[in-house]
>>> print(open('start07.txt').read())   # compact mmCIF, C-alpha atoms
# COMPACT_ATOMS: atom_id res chain seq x y z
CA MET A 15 -13.05 -20.98 -16.22
CA SER A 16 -10.18 -22.15 -14.03
CA SER A 17 -6.60 -20.96 -14.00
CA ASN A 18 -6.75 -17.99 -16.33
CA ARG A 19 -6.41 -15.61 -13.44
CA ALA A 20 -3.85 -15.74 -10.62
CA PRO A 21 -5.29 -17.12 -7.38
CA ILE A 22 -5.76 -14.60 -4.59
CA ALA A 23 -4.68 -15.59 -1.06
CA SER A 24 -6.57 -12.86 0.74
CA PHE A 25 -7.79 -9.33 0.44
CA PHE A 26 -6.46 -6.39 2.41
CA PRO A 27 -8.67 -5.98 5.48
CA ARG A 28 -11.47 -3.46 5.10
CA ASP A 29 -10.78 -0.19 6.90
CA ARG A 30 -14.05 0.17 8.74
CA GLN A 31 -13.13 3.65 9.97
CA TRP A 32 -12.98 4.76 6.34
CA HIS A 33 -16.30 3.13 5.49
CA PRO A 34 -19.52 4.60 6.90
CA LYS A 35 -20.58 3.81 10.45
CA PRO A 36 -23.13 0.98 10.40
CA LEU A 37 -25.35 2.77 12.91
CA ASP A 38 -25.83 6.50 12.65
CA PRO A 39 -28.91 8.02 14.30
CA GLY A 40 -28.78 10.85 11.74
CA TYR A 41 -29.73 8.27 9.10
CA LYS A 42 -32.82 6.85 10.73
CA SER A 43 -33.12 3.70 8.61
CA SER A 44 -29.80 2.49 9.99
CA VAL A 45 -31.05 2.36 13.59
CA LEU A 46 -32.94 -0.94 13.35
CA ARG A 47 -30.83 -2.39 10.54
CA ALA A 48 -27.26 -2.15 11.82
CA PRO A 49 -25.91 -5.26 13.58
CA SER A 50 -25.13 -4.55 17.23
CA ARG A 51 -22.64 -7.37 17.86
CA PRO A 52 -19.04 -7.11 16.65
CA LEU A 53 -18.28 -8.61 13.25
CA VAL A 54 -16.39 -11.90 13.40
CA ALA A 55 -13.13 -11.79 11.45
CA VAL A 56 -12.57 -14.89 9.31
CA ALA A 57 -9.49 -15.69 7.23
CA ASN A 58 -10.19 -15.57 3.51
CA SER A 59 -10.58 -18.87 1.69
CA LEU A 60 -11.77 -19.58 -1.83
CA SER A 61 -15.26 -18.75 -0.55
CA GLU A 62 -14.21 -15.11 -0.35
CA THR A 63 -11.44 -14.82 -2.93
CA THR A 64 -13.39 -16.24 -5.86
CA GLY A 65 -16.40 -14.60 -7.41
CA PRO A 66 -18.73 -14.82 -10.37
CA ALA A 67 -17.41 -13.79 -13.78
CA PHE A 68 -19.50 -11.89 -16.28
CA GLY A 69 -18.77 -11.97 -19.97
CA HIS A 70 -19.09 -9.06 -22.35
CA ASP A 71 -21.79 -11.10 -24.11
CA ILE A 72 -24.34 -10.11 -21.45
CA ILE A 73 -23.95 -6.43 -22.28
CA GLY A 74 -26.34 -4.98 -24.87
CA ALA A 75 -25.41 -2.12 -27.19
CA LEU A 76 -27.33 0.49 -25.19
CA ASP A 77 -26.72 -0.86 -21.70
CA ASN A 78 -24.25 1.92 -20.95
CA ASP A 79 -26.42 4.66 -22.44
CA LEU A 80 -29.18 5.73 -20.04
CA ILE A 81 -30.15 8.55 -22.39
CA LEU A 82 -31.34 6.01 -24.97
CA ASN A 83 -31.79 2.60 -23.32
CA PHE A 84 -35.37 3.23 -22.17
CA ALA A 85 -36.31 5.87 -24.74
CA LYS A 86 -38.82 5.37 -27.49
CA PRO A 87 -37.36 5.25 -31.01
CA GLY A 88 -36.16 8.70 -32.00
CA MET A 89 -36.57 10.06 -28.46
CA SER A 90 -34.11 10.64 -25.64
CA ALA A 91 -34.15 11.32 -21.91
CA ILE A 92 -34.64 14.91 -20.71
CA GLY A 93 -31.85 16.58 -18.77
CA GLU A 94 -28.26 17.68 -18.74
CA ARG A 95 -26.37 15.18 -20.89
CA ILE A 96 -23.29 13.83 -19.15
CA ILE A 97 -20.66 11.14 -19.57
CA VAL A 98 -19.29 9.38 -16.49
CA GLU A 99 -15.94 7.74 -16.92
CA GLY A 100 -13.16 6.40 -14.80
CA ARG A 101 -11.15 3.36 -13.93
CA VAL A 102 -11.60 0.48 -11.55
CA LEU A 103 -8.33 0.04 -9.64
CA ASP A 104 -7.31 -1.80 -6.51
CA GLU A 105 -5.61 -0.31 -3.48
CA ARG A 106 -2.21 -1.03 -5.04
CA GLY A 107 -3.23 1.02 -8.08
CA GLN A 108 -3.53 -2.02 -10.35
CA PRO A 109 -6.33 -1.94 -12.94
CA VAL A 110 -9.17 -4.37 -12.24
CA SER A 111 -10.47 -5.71 -15.54
CA ASN A 112 -13.72 -7.51 -16.37
CA VAL A 113 -15.59 -5.92 -13.50
CA LEU A 114 -19.34 -5.69 -13.89
CA LEU A 115 -20.53 -2.19 -12.97
CA GLU A 116 -24.24 -1.51 -12.60
CA PHE A 117 -25.68 1.97 -12.07
CA TRP A 118 -29.06 3.39 -11.15
CA GLN A 119 -30.32 6.88 -10.55
CA ALA A 120 -33.24 9.33 -10.42
CA ASN A 121 -34.17 11.29 -13.52
CA ALA A 122 -33.23 14.93 -14.13
CA GLY A 123 -36.10 16.05 -11.88
CA GLY A 124 -35.03 13.83 -8.98
CA ARG A 125 -37.71 11.15 -9.48
CA TYR A 126 -37.05 7.40 -9.57
CA ARG A 127 -39.00 5.06 -11.79
CA HIS A 128 -40.11 3.01 -8.78
CA LYS A 129 -43.55 2.39 -7.34
CA LYS A 130 -42.41 3.49 -3.89
CA ASP A 131 -41.18 6.90 -5.07
CA GLY A 132 -44.01 9.39 -4.66
CA TYR A 133 -42.04 12.60 -5.18
CA LEU A 134 -43.94 15.38 -6.98
CA ALA A 135 -41.40 15.65 -9.80
CA ALA A 136 -42.59 14.09 -13.05
CA LEU A 137 -41.43 10.80 -14.48
CA ASP A 138 -39.65 11.08 -17.80
CA PRO A 139 -41.29 8.61 -20.21
CA ASN A 140 -37.94 8.19 -21.95
CA PHE A 141 -35.81 7.51 -18.87
CA GLY A 142 -35.62 4.18 -17.03
CA GLY A 143 -32.65 4.91 -14.77
CA CYS A 144 -30.50 1.76 -15.00
CA GLY A 145 -27.36 0.88 -16.92
CA ARG A 146 -24.35 -1.42 -16.82
CA THR A 147 -20.96 -2.04 -18.37
CA ILE A 148 -17.82 -4.15 -17.88
CA SER A 149 -14.39 -2.62 -17.24
CA GLY A 150 -11.72 -3.07 -19.91
CA ASP A 151 -8.23 -4.54 -19.58
CA ASP A 152 -7.01 -1.19 -18.25
CA GLY A 153 -9.88 -1.03 -15.74
CA ALA A 154 -11.58 1.74 -17.72
CA TYR A 155 -15.34 2.13 -17.95
CA ALA A 156 -17.71 4.79 -19.27
CA PHE A 157 -21.42 5.43 -19.60
CA ARG A 158 -23.70 8.20 -20.76
CA THR A 159 -26.68 9.52 -18.85
CA VAL A 160 -28.43 12.68 -17.71
CA ARG A 161 -27.40 14.37 -14.52
CA PRO A 162 -29.85 13.24 -11.82
CA GLY A 163 -31.74 15.84 -9.82
CA PRO A 164 -31.54 16.24 -6.04
CA TYR A 165 -34.68 15.22 -4.15
CA PRO A 166 -36.25 15.41 -0.69
CA TRP A 167 -36.61 12.24 1.37
CA PRO A 168 -38.34 11.29 4.59
CA ASN A 169 -35.69 11.32 7.30
CA GLY A 170 -35.34 14.64 9.12
CA PRO A 171 -37.94 17.40 8.63
CA ASN A 172 -36.22 18.74 5.49
CA ASP A 173 -33.54 16.37 4.24
CA TRP A 174 -32.47 16.36 0.60
CA ARG A 175 -30.22 13.97 -1.23
CA PRO A 176 -27.47 15.59 -3.30
CA ALA A 177 -27.48 14.57 -6.96
CA HIS A 178 -26.03 11.07 -7.02
CA ILE A 179 -25.63 7.91 -9.06
CA HIS A 180 -25.66 4.51 -7.33
CA PHE A 181 -22.89 2.08 -8.31
CA SER A 182 -22.72 -1.67 -7.77
CA VAL A 183 -19.29 -3.18 -8.40
CA PHE A 184 -18.03 -6.77 -8.55
CA GLY A 185 -14.32 -7.38 -8.16
CA HIS A 186 -12.66 -10.73 -8.73
CA GLY A 187 -13.64 -12.06 -5.29
CA PHE A 188 -17.01 -12.06 -3.54
CA ALA A 189 -15.40 -10.24 -0.58
CA GLN A 190 -14.68 -7.27 -2.89
CA ARG A 191 -18.38 -6.76 -3.53
CA LEU A 192 -19.20 -3.08 -3.13
CA ILE A 193 -22.14 -0.72 -3.47
CA THR A 194 -21.55 3.00 -3.28
CA GLN A 195 -22.79 6.34 -4.61
CA MET A 196 -21.15 8.96 -6.79
CA TYR A 197 -21.68 12.65 -6.03
CA PHE A 198 -20.97 15.70 -8.18
CA GLU A 199 -18.22 18.22 -7.48
CA GLY A 200 -19.54 21.49 -6.10
CA ASP A 201 -22.96 20.25 -4.94
CA PRO A 202 -23.86 22.20 -1.76
CA LEU A 203 -26.12 19.36 -0.60
CA ILE A 204 -23.21 16.92 -0.16
CA PRO A 205 -22.08 18.08 3.32
CA ARG A 206 -25.72 18.42 4.45
CA CYS A 207 -26.77 14.87 3.57
CA PRO A 208 -27.29 12.43 6.46
CA ILE A 209 -26.33 9.48 4.24
CA VAL A 210 -23.08 11.16 3.15
CA ARG A 211 -22.46 12.01 6.79
CA THR A 212 -22.42 8.36 7.80
CA ILE A 213 -18.82 8.65 6.49
CA ASN A 214 -16.50 10.29 9.03
CA ASP A 215 -13.47 11.26 6.99
CA PRO A 216 -13.85 14.19 4.56
CA ARG A 217 -11.18 12.59 2.34
CA ALA A 218 -13.39 9.53 2.00
CA ILE A 219 -16.30 11.76 0.95
CA ASP A 220 -14.01 13.41 -1.61
CA GLN A 221 -13.27 9.96 -2.97
CA LEU A 222 -16.98 9.61 -3.83
CA THR A 223 -17.18 13.04 -5.46
CA ALA A 224 -16.75 12.97 -9.23
CA ARG A 225 -14.85 15.83 -10.80
CA LEU A 226 -15.74 17.72 -13.92
CA ASP A 227 -13.32 16.76 -16.69
CA MET A 228 -13.46 19.34 -19.49
CA ASN A 229 -10.90 17.39 -21.53
CA ALA A 230 -13.19 14.38 -21.73
CA SER A 231 -16.30 16.46 -22.42
CA VAL A 232 -17.80 16.39 -25.91
CA PRO A 233 -18.21 19.94 -27.26
CA MET A 234 -21.80 20.91 -28.06
CA ASP A 235 -22.99 17.60 -26.60
CA ALA A 236 -22.08 16.42 -23.08
CA LEU A 237 -19.99 17.32 -20.04
CA SER A 238 -17.87 14.57 -18.55
CA TYR A 239 -17.34 13.60 -14.92
CA ARG A 240 -14.44 11.46 -13.77
CA PHE A 241 -15.04 8.84 -11.09
CA ASP A 242 -12.41 6.23 -10.25
CA ILE A 243 -13.48 3.28 -8.13
CA ILE A 244 -11.03 1.56 -5.80
CA LEU A 245 -11.55 -2.07 -4.78
CA ARG A 246 -9.74 -3.92 -1.99
CA GLY A 247 -6.16 -4.87 -2.75
CA SER A 248 -5.05 -8.47 -2.52
CA ARG A 249 -2.13 -10.66 -1.65
CA SER A 250 -1.16 -13.61 -3.86
CA THR A 251 -0.64 -17.20 -2.79
CA LEU A 252 3.15 -17.58 -2.75
CA PHE A 253 3.76 -18.20 0.93
CA GLU A 254 0.75 -19.73 2.56
CA ASN A 255 0.22 -20.83 6.10
CA ARG A 256 -0.84 -24.46 5.67
CA MET A 257 -1.54 -27.25 8.10
CA GLU A 258 1.32 -29.76 8.15
CA GLY A 259 0.80 -32.46 5.58
CA ASN A 260 -1.33 -30.35 3.27
CA MET B 8 6.17 9.98 16.19
CA LEU B 9 5.29 9.25 12.60
CA ASN B 10 1.64 9.01 11.75
CA PRO B 11 1.38 6.07 9.32
CA ASP B 12 -1.65 7.73 7.70
CA ASP B 13 0.69 10.46 6.41
CA PHE B 14 2.91 7.90 4.68
CA PRO B 15 0.57 5.35 3.12
CA LEU B 16 2.21 2.21 1.73
CA TYR B 17 -0.39 1.92 -0.98
CA PRO B 18 -1.61 4.68 -3.26
CA PHE B 19 -5.35 4.26 -2.64
CA LYS B 20 -7.98 3.39 -0.09
CA GLU B 21 -10.99 1.27 -0.96
CA SER B 22 -13.89 3.44 -2.13
CA PRO B 23 -16.15 3.91 0.88
CA SER B 24 -19.50 2.18 0.70
CA GLN B 25 -22.86 3.93 0.72
CA THR B 26 -26.24 2.36 1.29
CA ALA B 27 -27.94 0.66 -1.66
CA GLY B 28 -31.02 2.68 -0.69
CA PRO B 29 -34.69 1.86 -1.23
CA TYR B 30 -34.48 1.77 -5.03
CA VAL B 31 -31.70 -0.81 -5.44
CA HIS B 32 -34.07 -2.90 -7.56
CA ILE B 33 -33.97 -0.34 -10.37
CA GLY B 34 -30.28 -1.04 -10.82
CA LEU B 35 -29.91 -4.70 -9.90
CA THR B 36 -33.28 -6.30 -10.70
CA PRO B 37 -34.90 -3.83 -13.10
CA ASN B 38 -37.33 -6.36 -14.59
CA PHE B 39 -38.51 -7.25 -11.07
CA SER B 40 -39.07 -3.54 -10.39
CA GLY B 41 -41.13 -3.12 -13.56
CA ILE B 42 -38.48 -1.58 -15.79
CA THR B 43 -38.71 -3.91 -18.76
CA GLY B 44 -37.12 -3.76 -22.18
CA VAL B 45 -33.69 -2.58 -21.04
CA TYR B 46 -32.18 -5.98 -20.13
CA ASP B 47 -33.51 -9.34 -21.33
CA ALA B 48 -33.57 -10.77 -17.83
CA ASP B 49 -32.40 -9.86 -14.36
CA LEU B 50 -28.95 -11.26 -13.59
CA GLY B 51 -28.64 -14.05 -11.05
CA THR B 52 -32.22 -15.30 -11.21
CA VAL B 53 -31.23 -18.67 -12.73
CA MET B 54 -28.40 -20.64 -11.12
CA ILE B 55 -29.12 -24.18 -12.32
CA ASN B 56 -30.32 -26.03 -15.42
CA ASP B 57 -31.29 -29.64 -16.24
CA GLN B 58 -27.63 -30.67 -16.49
CA THR B 59 -26.46 -29.24 -13.16
CA LYS B 60 -24.86 -31.82 -10.90
CA GLY B 61 -26.00 -32.05 -7.30
CA GLU B 62 -28.95 -32.17 -4.97
CA ARG B 63 -31.58 -29.52 -5.81
CA ILE B 64 -32.61 -27.30 -2.96
CA THR B 65 -34.91 -24.34 -2.51
CA LEU B 66 -33.52 -21.79 -0.12
CA GLU B 67 -35.87 -19.23 1.38
CA ILE B 68 -34.28 -16.36 3.26
CA CYS B 69 -35.92 -13.62 5.29
CA VAL B 70 -33.95 -10.67 6.66
CA ILE B 71 -35.47 -9.29 9.87
CA ASP B 72 -34.78 -5.91 11.49
CA GLY B 73 -34.30 -5.03 15.16
CA GLY B 74 -38.04 -4.40 15.53
CA GLY B 75 -38.88 -7.91 14.29
CA ALA B 76 -40.12 -6.76 10.89
CA PRO B 77 -39.03 -8.45 7.64
CA LEU B 78 -37.05 -6.22 5.28
CA LYS B 79 -39.25 -5.93 2.22
CA ASP B 80 -36.68 -3.92 0.29
CA ALA B 81 -33.60 -6.11 0.85
CA LEU B 82 -31.46 -7.48 -1.94
CA VAL B 83 -29.40 -10.59 -1.30
CA GLU B 84 -26.70 -12.26 -3.34
CA ILE B 85 -25.36 -15.73 -2.71
CA TRP B 86 -22.12 -17.33 -3.90
CA GLN B 87 -21.40 -21.00 -3.49
CA ALA B 88 -19.40 -23.93 -4.76
CA GLY B 89 -20.93 -26.62 -6.96
CA ALA B 90 -21.64 -30.15 -5.78
CA ASP B 91 -17.96 -31.03 -6.30
CA GLY B 92 -16.78 -28.16 -4.08
CA LEU B 93 -15.40 -26.05 -6.96
CA TYR B 94 -16.30 -22.43 -7.58
CA ASN B 95 -17.32 -21.41 -11.10
CA ALA B 96 -14.81 -18.54 -11.10
CA ARG B 97 -11.95 -17.41 -13.32
CA ASN B 98 -9.64 -17.56 -10.31
CA GLU B 99 -10.63 -21.04 -9.10
CA PRO B 100 -7.13 -22.58 -9.06
CA ARG B 101 -7.98 -26.26 -8.58
CA ASP B 102 -10.05 -27.56 -11.45
CA GLU B 103 -12.89 -26.78 -13.82
CA ALA B 104 -16.19 -26.29 -12.01
CA ASP B 105 -19.52 -27.66 -13.28
CA PRO B 106 -20.25 -25.40 -16.29
CA ASN B 107 -23.97 -25.92 -15.70
CA PHE B 108 -23.92 -24.24 -12.33
CA THR B 109 -23.27 -20.51 -12.03
CA GLY B 110 -22.71 -20.52 -8.26
CA TRP B 111 -24.08 -16.99 -8.03
CA GLY B 112 -27.61 -15.89 -7.33
CA ARG B 113 -29.29 -12.57 -6.76
CA ALA B 114 -32.81 -12.01 -5.46
CA ALA B 115 -34.98 -9.16 -4.28
CA ALA B 116 -37.23 -9.61 -1.27
CA ASP B 117 -40.91 -10.13 -1.97
CA ALA B 118 -42.56 -6.75 -1.49
CA GLU B 119 -45.35 -8.28 0.65
CA THR B 120 -43.60 -10.96 2.69
CA GLY B 121 -39.91 -10.04 2.57
CA ILE B 122 -39.00 -13.59 1.53
CA LEU B 123 -36.17 -14.14 -0.94
CA ARG B 124 -36.05 -17.42 -2.83
CA PHE B 125 -33.13 -19.22 -4.52
CA GLU B 126 -33.39 -22.41 -6.56
CA THR B 127 -29.95 -23.93 -6.25
CA ILE B 128 -28.06 -27.05 -5.21
CA LYS B 129 -26.38 -28.13 -2.03
CA PRO B 130 -22.70 -27.15 -2.34
CA GLY B 131 -19.75 -29.47 -1.75
CA PRO B 132 -17.08 -28.81 0.88
CA VAL B 133 -14.38 -26.20 0.18
CA PRO B 134 -10.93 -25.93 1.82
CA PHE B 135 -10.30 -23.30 4.46
CA ALA B 136 -7.26 -20.99 4.30
CA ASP B 137 -5.18 -23.52 6.26
CA GLY B 138 -6.18 -26.53 4.15
CA ARG B 139 -8.79 -28.04 6.48
CA LEU B 140 -12.14 -28.72 4.84
CA GLN B 141 -15.07 -26.41 5.51
CA ALA B 142 -18.54 -27.86 5.78
CA PRO B 143 -20.81 -27.09 2.79
CA HIS B 144 -21.92 -23.49 3.03
CA ILE B 145 -23.39 -20.66 1.02
CA ASN B 146 -21.82 -17.20 1.20
CA VAL B 147 -24.36 -14.44 1.63
CA TRP B 148 -24.20 -10.69 1.00
CA ILE B 149 -27.04 -8.39 2.07
CA VAL B 150 -27.76 -4.81 1.08
CA ALA B 151 -30.77 -2.57 1.71
CA ARG B 152 -31.84 0.88 2.76
CA GLY B 153 -30.30 1.53 6.19
CA ILE B 154 -27.39 -0.88 5.63
CA ASN B 155 -24.37 1.36 5.06
CA LEU B 156 -21.93 -1.39 4.12
CA GLY B 157 -23.08 -4.74 2.71
CA LEU B 158 -23.30 -7.47 5.35
CA SER B 159 -21.55 -10.81 4.92
CA THR B 160 -22.72 -14.02 6.52
CA ARG B 161 -22.88 -17.72 5.65
CA ILE B 162 -25.55 -20.37 5.54
CA TYR B 163 -24.65 -23.90 6.62
CA PHE B 164 -26.87 -26.96 6.59
CA ASP B 165 -28.20 -28.99 9.49
CA ASP B 166 -25.65 -31.76 8.87
CA ALA B 167 -22.70 -29.35 9.27
CA ASP B 168 -20.00 -30.79 11.44
CA ASP B 169 -16.37 -30.02 12.23
CA ASP B 170 -16.15 -26.73 10.34
CA PRO B 171 -13.28 -24.30 11.10
CA VAL B 172 -15.66 -21.31 11.19
CA LEU B 173 -18.61 -22.91 12.98
CA SER B 174 -16.33 -24.38 15.63
CA ARG B 175 -14.92 -21.02 16.70
CA MET B 176 -15.29 -20.41 20.41
CA ASP B 177 -16.45 -16.84 19.97
CA ILE B 178 -19.59 -17.78 18.06
CA GLN B 179 -20.76 -20.85 19.99
CA ASP B 180 -23.70 -18.97 21.56
CA ARG B 181 -24.91 -17.87 18.11
CA LYS B 182 -23.87 -20.82 15.96
CA ALA B 183 -27.51 -21.69 15.25
CA SER B 184 -27.89 -18.35 13.44
CA LEU B 185 -25.71 -19.75 10.64
CA ILE B 186 -27.60 -23.00 10.04
CA ALA B 187 -30.61 -23.26 7.73
CA ARG B 188 -33.58 -25.38 8.76
CA GLY B 189 -34.46 -28.10 6.26
CA ASP B 190 -37.87 -29.71 5.86
CA GLY B 191 -36.29 -33.00 4.77
CA GLY B 192 -37.63 -32.57 1.24
CA GLY B 193 -35.02 -30.18 -0.13
CA LYS B 194 -36.58 -26.96 1.10
CA TYR B 195 -34.55 -24.83 3.50
CA ARG B 196 -35.65 -21.78 5.40
CA HIS B 197 -33.27 -19.30 6.98
CA ASP B 198 -33.98 -16.13 8.95
CA ILE B 199 -31.25 -13.51 9.18
CA HIS B 200 -31.68 -11.26 12.23
CA LEU B 201 -29.90 -7.93 12.00
CA GLN B 202 -30.21 -7.23 15.73
CA GLY B 203 -31.58 -8.62 18.98
CA PRO B 204 -31.20 -11.82 20.98
CA LEU B 205 -31.20 -13.93 17.81
CA GLU B 206 -28.75 -11.66 15.98
CA THR B 207 -27.03 -13.50 13.13
CA VAL B 208 -23.25 -13.80 13.04
CA PHE B 209 -21.88 -11.38 10.45
CA PHE B 210 -18.33 -11.73 9.25
CA ASP B 211 -15.50 -9.34 8.58
CA ILE B 212 -14.06 -11.08 5.55
>>> encode(input="start07.txt", output="C-alpha cells")
Amino acid sequence: MSSNRAPIASFFPRDRQWHPKPLDPGYKSSVLRAPSRPLVAVANSLSETTGPAFGHDIIGALDNDLILNFAKPGMSAIGERIIVEGRVLDERGQPVSNVLLEFWQANAGGRYRHKKDGYLAALDPNFGGCGRTISGDDGAYAFRTVRPGPYPWPNGPNDWRPAHIHFSVFGHGFAQRLITQMYFEGDPLIPRCPIVRTINDPRAIDQLTARLDMNASVPMDALSYRFDIILRGSRSTLFENRMEGN
Amino acid sequence: MLNPDDFPLYPFKESPSQTAGPYVHIGLTPNFSGITGVYDADLGTVMINDQTKGERITLEICVIDGGGAPLKDALVEIWQAGADGLYNARNEPRDEADPNFTGWGRAAADAETGILRFETIKPGPVPFADGRLQAPHINVWIVARGINLGLSTRIYFDDADDDPVLSRMDIQDRKASLIARGDGGGKYRHDIHLQGPLETVFFDI
C-alpha cells in the first residue's frame, strides 16, 4: 500500500478550545472519566500520520441505507425518511477521499437497539441503527435513514438529547480519528443539551448542525440534510527538521 | 489590535468532537452488540493470520475511571507497525508493509469485566519525527460515554529503552503508565487510568 499517497509531516494542532471541555460537571459521566493532568504534546511521527486504509470492497450494497439494511424483505424502517449528505474536507478545504464513515442512531421514536437502552419508546423491528460508507474522490458521502427521535436520559432530573446521528470518521492518519454527532437545524433541544453544552463556542455547535437542503431532497420521498465534516489539516514533508546525519 | 480569529488563514476548523456515548457498539461493533445481519463481521477484530510475520502477543487492556471502576462501555482502537517497523498504510513512505498484518484493531470492553483483548504481534521500531528510532509501541485511542474527545496514549513493552517519548523529563514520574506488563509467555496486561495517582499519560498528538 506504500507510496500512493503523499506522506504527511504533521497535522495542524487540535484547537482544544473549539473541542468540548473534557470535564464538564453538567455532563455527569465526564466527571470521573476526564483526565486531570495536562496532555503531553508529542511531535507527529509515522505513528500518528499513517492510518488504516479501508477499501470499497468492505462496503455492502445496503450499508449506507439504514431504512433497508436491517429490514425484513419487503419492509422498511418507520419514520421520516431522510438523506444525509456532505463532504469530508480538511481545514484547508481540500477533499479527503477514501474516508470510512460509520454512523449510528436511535430509531424514529428515540430508542436504540441496545440492551442497555430501557426507554419506553418501542423498538422498530425493521431498524437496526447502524450504517457506513466511504467518501469519494471529491470527499462526498451520502446515506439514507429515518430521522432519529429525541429521548430522555439519566443525567439531570429532566435532560433530553436533541435528535442526533453519531459519526465515526477516519482520516488518513490515526491522529485525525474523530467521533462526533450531527444535530438537526431548528431543534429546540440543541441549546438545552448538556452534551452539546460541553462545547463552548456557538459557532462550533453550528458546525455540528446539519441544514435542510431542499435542492437535494427527493420529491415525494425524502428530505435531505447537509453535513460537511472537517478533519485536521496537514503539512507535507518538504522541509523537515532532522537530526544531523539522518 | 487585530484579532486573528476574525481573519482565519484557513477556511475551516476541525469539526468539534462529541462523546461516543453509551451505544457506540451499535455503530462500531454491531455484531458484538447483537445487531447481526447488517455487516458480515465487525471491523478490526482480526489483525493477524497464519502468514503474519512477528512474535504473537495477546494484549489485554482495561480502562479505569477516577473511582477505580473499569469502564465496561469503552471502545478502544490500536494502530501499530508490523514486525519490520512499517505501517500498513497508503501513506507509509518507506516500503511495503507485511500484507498479512493490518496494524489496526478495534475492540469493545467486555460488558462484565471491562477487559478489551487484542491478538496481535509485537511491533518493530519506528522513526521519530527527528529521525531517531522509537522503541516498539502501540498507539491507542479510547472513546466512551463521558469522554468528550477521544484520548490518545501509547503502550510500550517492558524492554523499552532509549525512546524519545519515554525519555521526556516531564513524564518521568508517570513513565510506568505507558509500559505493559508481560507474563513472559506473550501475554501482556495494561491498565489505563483516566484519573488519580496512577493516571496514564495522554498525548496531544
>>> interface_residues(input="start07.txt", of="chain B", to="chain A", cutoff="7 Å", atoms="only C-alpha atoms", output="short mmCIF file (atom, residue, chain, number, x, y, z; two decimals) with C-alpha atoms, in the frame of the given file")
data_model
loop_
_atom_site.label_atom_id
_atom_site.label_comp_id
_atom_site.auth_asym_id
_atom_site.auth_seq_id
_atom_site.Cartn_x
_atom_site.Cartn_y
_atom_site.Cartn_z
CA TYR B 17 -0.39 1.92 -0.98
CA PRO B 18 -1.61 4.68 -3.26
CA PHE B 19 -5.35 4.26 -2.64
CA LYS B 20 -7.98 3.39 -0.09
CA GLU B 21 -10.99 1.27 -0.96
CA SER B 22 -13.89 3.44 -2.13
CA PRO B 23 -16.15 3.91 0.88
CA SER B 24 -19.50 2.18 0.70
CA GLN B 25 -22.86 3.93 0.72
CA THR B 26 -26.24 2.36 1.29
CA ALA B 27 -27.94 0.66 -1.66
CA TYR B 30 -34.48 1.77 -5.03
CA ILE B 33 -33.97 -0.34 -10.37
CA GLY B 34 -30.28 -1.04 -10.82
CA SER B 40 -39.07 -3.54 -10.39
CA ILE B 42 -38.48 -1.58 -15.79
CA VAL B 45 -33.69 -2.58 -21.04
CA ASP B 72 -34.78 -5.91 11.49
CA GLY B 73 -34.30 -5.03 15.16
CA GLY B 74 -38.04 -4.40 15.53
CA ASN B 95 -17.32 -21.41 -11.10
CA ALA B 96 -14.81 -18.54 -11.10
CA ARG B 97 -11.95 -17.41 -13.32
CA ASN B 98 -9.64 -17.56 -10.31
CA GLU B 99 -10.63 -21.04 -9.10
CA PRO B 100 -7.13 -22.58 -9.06
CA ASP B 102 -10.05 -27.56 -11.45
CA GLU B 103 -12.89 -26.78 -13.82
CA TRP B 111 -24.08 -16.99 -8.03
CA PHE B 135 -10.30 -23.30 4.46
CA ALA B 136 -7.26 -20.99 4.30
CA ASP B 137 -5.18 -23.52 6.26
CA GLY B 138 -6.18 -26.53 4.15
CA ASN B 146 -21.82 -17.20 1.20
CA ARG B 152 -31.84 0.88 2.76
CA GLY B 153 -30.30 1.53 6.19
CA ILE B 154 -27.39 -0.88 5.63
CA ASN B 155 -24.37 1.36 5.06
CA LEU B 156 -21.93 -1.39 4.12
CA LEU B 201 -29.90 -7.93 12.00
CA GLN B 202 -30.21 -7.23 15.73
CA PHE B 209 -21.88 -11.38 10.45
CA PHE B 210 -18.33 -11.73 9.25
CA ASP B 211 -15.50 -9.34 8.58
CA ILE B 212 -14.06 -11.08 5.55
#
>>> residues_around(input="start07.txt", residues="B:Cys69", least_positions_apart="2", cutoff="8 Å", atoms="only C-alpha atoms", output="ChimeraX atom specification")
/B:67,71,77-78,116,121-123,197-199
>>> atom_distance(input="start07.txt", atom1="atom CA of A:Gly100", atom2="atom CA of A:Lys86")
28.6 Å
>>> atom_distance(input="start07.txt", atom1="atom CA of A:Arg175", atom2="atom CA of A:Pro39")
16.7 Å
>>> atom_distance(input="start07.txt", atom1="atom CA of B:Arg113", atom2="atom CA of B:Ala142")
22.5 Å
>>> residues_around(input="start07.txt", residues="B:Pro29", least_positions_apart="3", cutoff="8 Å", atoms="all atoms listed in the file", output="NGL selection string")
:B and (32 or 80 or 151-152)
>>> closest_residue(input="start07.txt", among="B:Ser174, B:Gln179, B:Asn107, B:Thr160", to="B:Val83", atoms="all atoms listed in the file")
B:Thr160
>>> closest_residue(input="start07.txt", among="A:Val98, A:Val183, A:Asn214, A:Gly123", to="A:Tyr197", atoms="all atoms listed in the file")
A:Val98
>>> residues_near_point(input="start07.txt", point="(-33.6, -32.1, 1.2)", cutoff="9 Å", atoms="only C-alpha atoms", output="CSV table (one decimal) with C-alpha atoms, keeping the file's coordinate frame")
chain,number,residue,atom,x,y,z
B,62,GLU,CA,-29.0,-32.2,-5.0
B,63,ARG,CA,-31.6,-29.5,-5.8
B,64,ILE,CA,-32.6,-27.3,-3.0
B,65,THR,CA,-34.9,-24.3,-2.5
B,129,LYS,CA,-26.4,-28.1,-2.0
B,189,GLY,CA,-34.5,-28.1,6.3
B,190,ASP,CA,-37.9,-29.7,5.9
B,191,GLY,CA,-36.3,-33.0,4.8
B,192,GLY,CA,-37.6,-32.6,1.2
B,193,GLY,CA,-35.0,-30.2,-0.1
B,194,LYS,CA,-36.6,-27.0,1.1
B,195,TYR,CA,-34.6,-24.8,3.5
>>> residues_near_point(input="start07.txt", point="(-27.0, -21.9, 11.0)", cutoff="8 Å", atoms="all atoms listed in the file", output="PyMOL selection string")
chain B and resi 161-165+182-188+197
>>> closest_residue(input="start07.txt", among="B:Tyr94, B:Arg196, B:Thr36, B:Leu205", to="B:Asp49", atoms="all atoms listed in the file")
B:Thr36
